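**Q** Provided herewith: data20.cif, mmCIF, C-alpha atoms.
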data_work
loop_
_atom_site.group_PDB
_atom_site.id
_atom_site.type_symbol
_atom_site.label_atom_id
_atom_site.label_comp_id
_atom_site.auth_asym_id
_atom_site.auth_seq_id
_atom_site.Cartn_x
_atom_site.Cartn_y
_atom_site.Cartn_z
ATOM 1 C CA MET A 1 3.505 -23.381 22.220
ATOM 2 C CA ASN A 2 5.382 -24.048 19.045
ATOM 3 C CA LEU A 3 9.115 -24.671 18.939
ATOM 4 C CA THR A 4 11.038 -25.197 15.748
ATOM 5 C CA ALA A 5 14.610 -26.416 16.085
ATOM 6 C CA ASP A 6 16.792 -29.417 15.465
ATOM 7 C CA THR A 7 16.714 -32.407 17.823
ATOM 8 C CA ASP A 8 19.757 -31.325 19.849
ATOM 9 C CA VAL A 9 18.329 -27.884 20.611
ATOM 10 C CA LEU A 10 14.881 -29.273 21.442
ATOM 11 C CA THR A 11 16.462 -31.763 23.832
ATOM 12 C CA ARG A 12 18.365 -28.980 25.609
ATOM 13 C CA LEU A 13 15.189 -26.860 25.853
ATOM 14 C CA ASP A 14 12.959 -29.653 27.100
ATOM 15 C CA SER A 15 13.419 -29.081 30.850
ATOM 16 C CA HIS A 16 13.169 -25.303 30.477
ATOM 17 C CA MET A 17 9.919 -25.567 28.543
ATOM 18 C CA GLU A 18 8.524 -28.004 31.081
ATOM 19 C CA THR A 19 9.246 -25.491 33.850
ATOM 20 C CA PHE A 20 7.689 -22.669 31.822
ATOM 21 C CA LEU A 21 4.528 -24.645 31.044
ATOM 22 C CA LYS A 22 4.044 -25.624 34.689
ATOM 23 C CA ARG A 23 4.017 -21.915 35.606
ATOM 24 C CA LEU A 24 1.120 -21.108 33.284
ATOM 25 C CA PRO A 25 -2.275 -20.805 34.980
ATOM 26 C CA GLU A 26 -4.678 -23.706 34.557
ATOM 27 C CA GLY A 27 -8.163 -23.434 33.149
ATOM 28 C CA LYS A 28 -9.771 -21.843 30.163
ATOM 29 C CA ALA A 29 -8.544 -18.482 28.911
ATOM 30 C CA SER A 30 -11.014 -15.616 29.243
ATOM 31 C CA SER A 31 -10.390 -14.578 25.634
ATOM 32 C CA PRO A 32 -8.812 -16.175 22.577
ATOM 33 C CA PHE A 33 -6.861 -12.958 22.055
ATOM 34 C CA TRP A 34 -4.168 -11.641 24.337
ATOM 35 C CA VAL A 35 -4.328 -7.901 24.676
ATOM 36 C CA PRO A 36 -1.775 -6.347 27.004
ATOM 37 C CA GLU A 37 -3.061 -3.747 29.429
ATOM 38 C CA LEU A 38 -1.045 -0.693 28.526
ATOM 39 C CA ALA A 39 -1.334 2.814 29.834
ATOM 40 C CA ARG A 40 -2.257 5.412 27.241
ATOM 41 C CA ALA A 41 1.013 7.193 26.747
ATOM 42 C CA SER A 42 3.535 8.000 24.123
ATOM 43 C CA GLU A 43 6.706 6.017 24.418
ATOM 44 C CA GLY A 44 10.009 6.241 22.679
ATOM 45 C CA ILE A 45 12.885 3.809 22.833
ATOM 46 C CA ILE A 46 16.242 5.396 22.067
ATOM 47 C CA VAL A 47 18.718 3.315 20.102
ATOM 48 C CA PRO A 48 21.946 4.348 18.367
ATOM 49 C CA SER A 49 20.457 4.568 14.885
ATOM 50 C CA GLN A 50 19.776 7.157 12.219
ATOM 51 C CA VAL A 51 16.383 5.657 11.408
ATOM 52 C CA ASN A 52 13.190 5.028 13.348
ATOM 53 C CA TYR A 53 10.342 2.623 13.548
ATOM 54 C CA VAL A 54 7.329 4.892 13.951
ATOM 55 C CA GLY A 55 3.963 3.539 15.016
ATOM 56 C CA LYS A 56 0.644 4.939 16.103
ATOM 57 C CA GLY A 57 -2.619 3.157 16.692
ATOM 58 C CA ALA A 58 -5.925 2.845 18.438
ATOM 59 C CA ASN A 59 -8.627 0.312 19.002
ATOM 60 C CA LEU A 60 -11.567 1.403 16.864
ATOM 61 C CA TYR A 61 -14.030 -0.784 18.741
ATOM 62 C CA LYS A 62 -13.112 0.464 22.210
ATOM 63 C CA ASP A 63 -12.065 4.039 21.401
ATOM 64 C CA SER A 64 -15.043 4.947 19.200
ATOM 65 C CA ASP A 65 -18.479 3.720 18.258
ATOM 66 C CA TYR A 66 -17.142 2.159 15.034
ATOM 67 C CA LYS A 67 -19.006 -0.878 13.716
ATOM 68 C CA LEU A 68 -17.164 -3.230 11.365
ATOM 69 C CA HIS A 69 -17.663 -2.699 7.657
ATOM 70 C CA GLY A 70 -15.584 -4.245 4.875
ATOM 71 C CA SER A 71 -14.716 -0.815 3.545
ATOM 72 C CA ALA A 72 -12.305 -0.336 6.463
ATOM 73 C CA VAL A 73 -10.079 -3.128 5.198
ATOM 74 C CA VAL A 74 -10.180 -1.773 1.641
ATOM 75 C CA THR A 75 -9.431 1.725 2.933
ATOM 76 C CA SER A 76 -6.461 0.375 4.872
ATOM 77 C CA LYS A 77 -5.079 -1.176 1.668
ATOM 78 C CA LEU A 78 -5.750 2.058 -0.250
ATOM 79 C CA LEU A 79 -3.877 4.127 2.344
ATOM 80 C CA GLY A 80 -0.847 1.839 2.113
ATOM 81 C CA THR A 81 -0.638 2.139 -1.658
ATOM 82 C CA THR A 82 -1.369 5.872 -1.917
ATOM 83 C CA TRP A 83 -1.110 8.272 1.019
ATOM 84 C CA LEU A 84 1.378 6.380 3.179
ATOM 85 C CA TRP A 85 3.410 5.240 0.177
ATOM 86 C CA ASP A 86 3.712 8.804 -1.126
ATOM 87 C CA ARG A 87 4.171 10.619 2.192
ATOM 88 C CA VAL A 88 6.113 8.188 4.365
ATOM 89 C CA ARG A 89 8.118 6.209 1.817
ATOM 90 C CA VAL A 90 8.615 8.347 -1.294
ATOM 91 C CA SER A 91 8.687 11.858 0.221
ATOM 92 C CA GLY A 92 9.717 10.897 3.734
ATOM 93 C CA GLY A 93 12.457 8.443 2.831
ATOM 94 C CA ALA A 94 11.303 5.533 4.998
ATOM 95 C CA TYR A 95 12.054 2.044 3.736
ATOM 96 C CA GLY A 96 8.411 1.169 4.293
ATOM 97 C CA GLY A 97 5.171 2.501 5.639
ATOM 98 C CA PHE A 98 1.761 0.923 5.946
ATOM 99 C CA CYS A 99 -1.311 0.606 8.098
ATOM 100 C CA SER A 100 -3.273 -2.414 9.193
ATOM 101 C CA PHE A 101 -6.705 -3.039 10.612
ATOM 102 C CA ASP A 102 -7.369 -6.201 12.612
ATOM 103 C CA VAL A 103 -11.077 -6.916 12.187
ATOM 104 C CA ARG A 104 -11.090 -9.299 15.153
ATOM 105 C CA SER A 105 -9.549 -7.033 17.775
ATOM 106 C CA GLY A 106 -10.390 -3.625 16.276
ATOM 107 C CA ASP A 107 -6.766 -2.492 16.394
ATOM 108 C CA PHE A 108 -5.838 -0.006 13.676
ATOM 109 C CA LYS A 109 -2.122 0.678 13.390
ATOM 110 C CA TYR A 110 0.137 2.884 11.337
ATOM 111 C CA LEU A 111 3.730 1.658 11.056
ATOM 112 C CA SER A 112 6.876 2.758 9.306
ATOM 113 C CA TYR A 113 10.332 1.224 9.352
ATOM 114 C CA ARG A 114 13.824 2.446 8.629
ATOM 115 C CA ASP A 115 12.279 5.893 8.760
ATOM 116 C CA PRO A 116 14.588 8.934 8.965
ATOM 117 C CA ASN A 117 11.704 11.004 10.364
ATOM 118 C CA LEU A 118 9.655 10.889 13.511
ATOM 119 C CA MET A 119 7.374 13.877 13.891
ATOM 120 C CA LYS A 120 6.919 14.283 10.132
ATOM 121 C CA THR A 121 5.682 10.691 9.966
ATOM 122 C CA ILE A 122 3.347 11.217 12.934
ATOM 123 C CA ASP A 123 2.024 14.342 11.177
ATOM 124 C CA ASN A 124 1.367 12.227 8.088
ATOM 125 C CA TYR A 125 -0.521 9.676 10.163
ATOM 126 C CA ASP A 126 -2.547 12.500 11.710
ATOM 127 C CA GLY A 127 -3.250 13.931 8.245
ATOM 128 C CA THR A 128 -4.935 10.749 7.045
ATOM 129 C CA PRO A 129 -8.528 11.813 7.839
ATOM 130 C CA ASP A 130 -8.117 15.001 5.780
ATOM 131 C CA PHE A 131 -6.585 12.990 2.932
ATOM 132 C CA LEU A 132 -9.552 10.602 2.956
ATOM 133 C CA ARG A 133 -12.118 13.412 3.123
ATOM 134 C CA ASP A 134 -10.582 15.137 0.089
ATOM 135 C CA LEU A 135 -9.861 11.965 -1.897
ATOM 136 C CA GLU A 136 -11.728 11.406 -5.144
ATOM 137 C CA VAL A 137 -11.642 7.673 -5.752
ATOM 138 C CA ASN A 138 -11.949 6.575 -9.369
ATOM 139 C CA ALA A 139 -12.989 3.115 -10.545
ATOM 140 C CA ASP A 140 -9.402 2.010 -11.257
ATOM 141 C CA MET A 141 -8.177 3.027 -7.782
ATOM 142 C CA MET A 142 -11.135 1.255 -6.146
ATOM 143 C CA ALA A 143 -10.644 -1.914 -8.194
ATOM 144 C CA LYS A 144 -6.928 -2.095 -7.311
ATOM 145 C CA SER A 145 -7.693 -1.623 -3.606
ATOM 146 C CA VAL A 146 -10.436 -4.255 -3.584
ATOM 147 C CA ILE A 147 -8.287 -6.758 -5.501
ATOM 148 C CA GLY A 148 -5.320 -6.092 -3.197
ATOM 149 C CA THR A 149 -7.533 -6.564 -0.158
ATOM 150 C CA MET A 150 -8.956 -9.827 -1.448
ATOM 151 C CA GLY A 151 -5.432 -11.023 -2.182
ATOM 152 C CA ASP A 152 -4.604 -10.496 1.496
ATOM 153 C CA VAL A 153 -7.854 -12.017 2.756
ATOM 154 C CA ASP A 154 -8.021 -14.992 0.394
ATOM 155 C CA LYS A 155 -4.422 -16.202 0.318
ATOM 156 C CA HIS A 156 -3.495 -19.193 -1.790
ATOM 157 C CA GLN A 157 -2.966 -22.492 0.010
#
In structure tokens, how does this file's structure come out?
**A**
Amino acid sequence: MNLTADTDVLTRLDSHMETFLKRLPEGKASSPFWVPELARASEGIIVPSQVNYVGKGANLYKDSDYKLHGSAVVTSKLLGTTWLWDRVRVSGGAYGGFCSFDVRSGDFKYLSYRDPNLMKTIDNYDGTPDFLRDLEVNADMMAKSVIGTMGDVDKHQ
């Protein structure tokens, strides 16, 4: 647990945190990663807003026979700076759109935010395999994606 607050707030929270910690099960965790058990279903949360947060994802390790290769991380970066940028942000009007691949858990996620679309964005996510199949990657595009990936992987201290 990590709490960040001034002394007064930490003092007021002390008894509540003590109670919370005593309720946690003892012993070693079965996994260093917490993965909620969720039913496979589509879910929408309705809020009074003209924009959406649109996500879609899957676990590539559990849902397919995918074996980790570094190209997946580079491809994820490439998608965020080409396909998703053009389709979700520029054409679609979302404030942002990207995808991420967690090499430890295998979770691959598409996400957009402040997105005026829903189904159009989902259609763009679903169109990604066709985009990748038809894509002709030149040396400049590959270099930018690799450098961007390494910038994410090898952050400065």
**Q** Could you write out as an mmCIF file with C-alpha atoms, keeping the file's coordinate frame the residues that the PyMOL selection byres ((chain A and resi 96-104) around 8) matches in the shown file?
**A**
data_model
loop_
_atom_site.group_PDB
_atom_site.id
_atom_site.type_symbol
_atom_site.label_atom_id
_atom_site.label_comp_id
_atom_site.auth_asym_id
_atom_site.auth_seq_id
_atom_site.Cartn_x
_atom_site.Cartn_y
_atom_site.Cartn_z
ATOM 1 C CA LEU A 68 -17.164 -3.230 11.365
ATOM 2 C CA ALA A 72 -12.305 -0.336 6.463
ATOM 3 C CA VAL A 73 -10.079 -3.128 5.198
ATOM 4 C CA SER A 76 -6.461 0.375 4.872
ATOM 5 C CA LYS A 77 -5.079 -1.176 1.668
ATOM 6 C CA LEU A 79 -3.877 4.127 2.344
ATOM 7 C CA GLY A 80 -0.847 1.839 2.113
ATOM 8 C CA LEU A 84 1.378 6.380 3.179
ATOM 9 C CA TRP A 85 3.410 5.240 0.177
ATOM 10 C CA VAL A 88 6.113 8.188 4.365
ATOM 11 C CA ARG A 89 8.118 6.209 1.817
ATOM 12 C CA ALA A 94 11.303 5.533 4.998
ATOM 13 C CA TYR A 95 12.054 2.044 3.736
ATOM 14 C CA SER A 105 -9.549 -7.033 17.775
ATOM 15 C CA GLY A 106 -10.390 -3.625 16.276
ATOM 16 C CA ASP A 107 -6.766 -2.492 16.394
ATOM 17 C CA PHE A 108 -5.838 -0.006 13.676
ATOM 18 C CA LYS A 109 -2.122 0.678 13.390
ATOM 19 C CA TYR A 110 0.137 2.884 11.337
ATOM 20 C CA LEU A 111 3.730 1.658 11.056
ATOM 21 C CA SER A 112 6.876 2.758 9.306
ATOM 22 C CA TYR A 113 10.332 1.224 9.352
ATOM 23 C CA ARG A 114 13.824 2.446 8.629
ATOM 24 C CA ASP A 115 12.279 5.893 8.760
#
**Q** Between A:Met17, A:Met1, A:Leu60, A:Val137, which residue has the minimum interatomic distance to Thr82 of chain A, considering all atoms listed in the file?
**A** A:Val137
**Q** Could you check how far atom CA of Ser145 of chain A sits from atom CA of Gly70 of chain A, in Å to one decimal?
**A** 11.9 Å
**Q** In Å, how far is it from atom CA of Gly55 of chain A to atom CA of Met119 of chain A?
**A**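 Spanning atom CA of Gly55 of chain A to atom CA of Met119 of chain A is a straight-line distance of 10.9 Å.
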**Q** Would you work out the distance separating atom CA of Thr121 of chain A from atom CA of Gly57 of chain A, expressed in Å to one decimal?
**A**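 We find that atom CA of Thr121 of chain A and atom CA of Gly57 of chain A lie 13.1 Å from each other.
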**Q** Mind working out the centre and edge lengths of an axis-aligned box for segment 132-150 of chain A, all listed atoms inside, 3 Å added to each side, rounded to one decimal in Å and written as JSON?
**A**
{"center_x": -9.2, "center_y": 2.7, "center_z": -4.1, "size_x": 13.7, "size_y": 31.0, "size_z": 20.4}
**Q** Tell me which of A:Thr7, A:Ser64, A:Asn52, A:Ser71 sits closest to Gly92 of chain A, counting only C-alpha atoms.
**A**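 Of A:Thr7, A:Ser64, A:Asn52, A:Ser71, the one nearest Gly92 of chain A, counting only C-alpha atoms, is A:Asn52.
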**Q** With distances taken over only C-alpha atoms, which residue among A:Thr81, A:Asn117, A:Ser42, A:Thr75 lies nearest Gly93 of chain A?
**A**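 Of A:Thr81, A:Asn117, A:Ser42, A:Thr75, the one nearest Gly93 of chain A, counting only C-alpha atoms, is A:Asn117.
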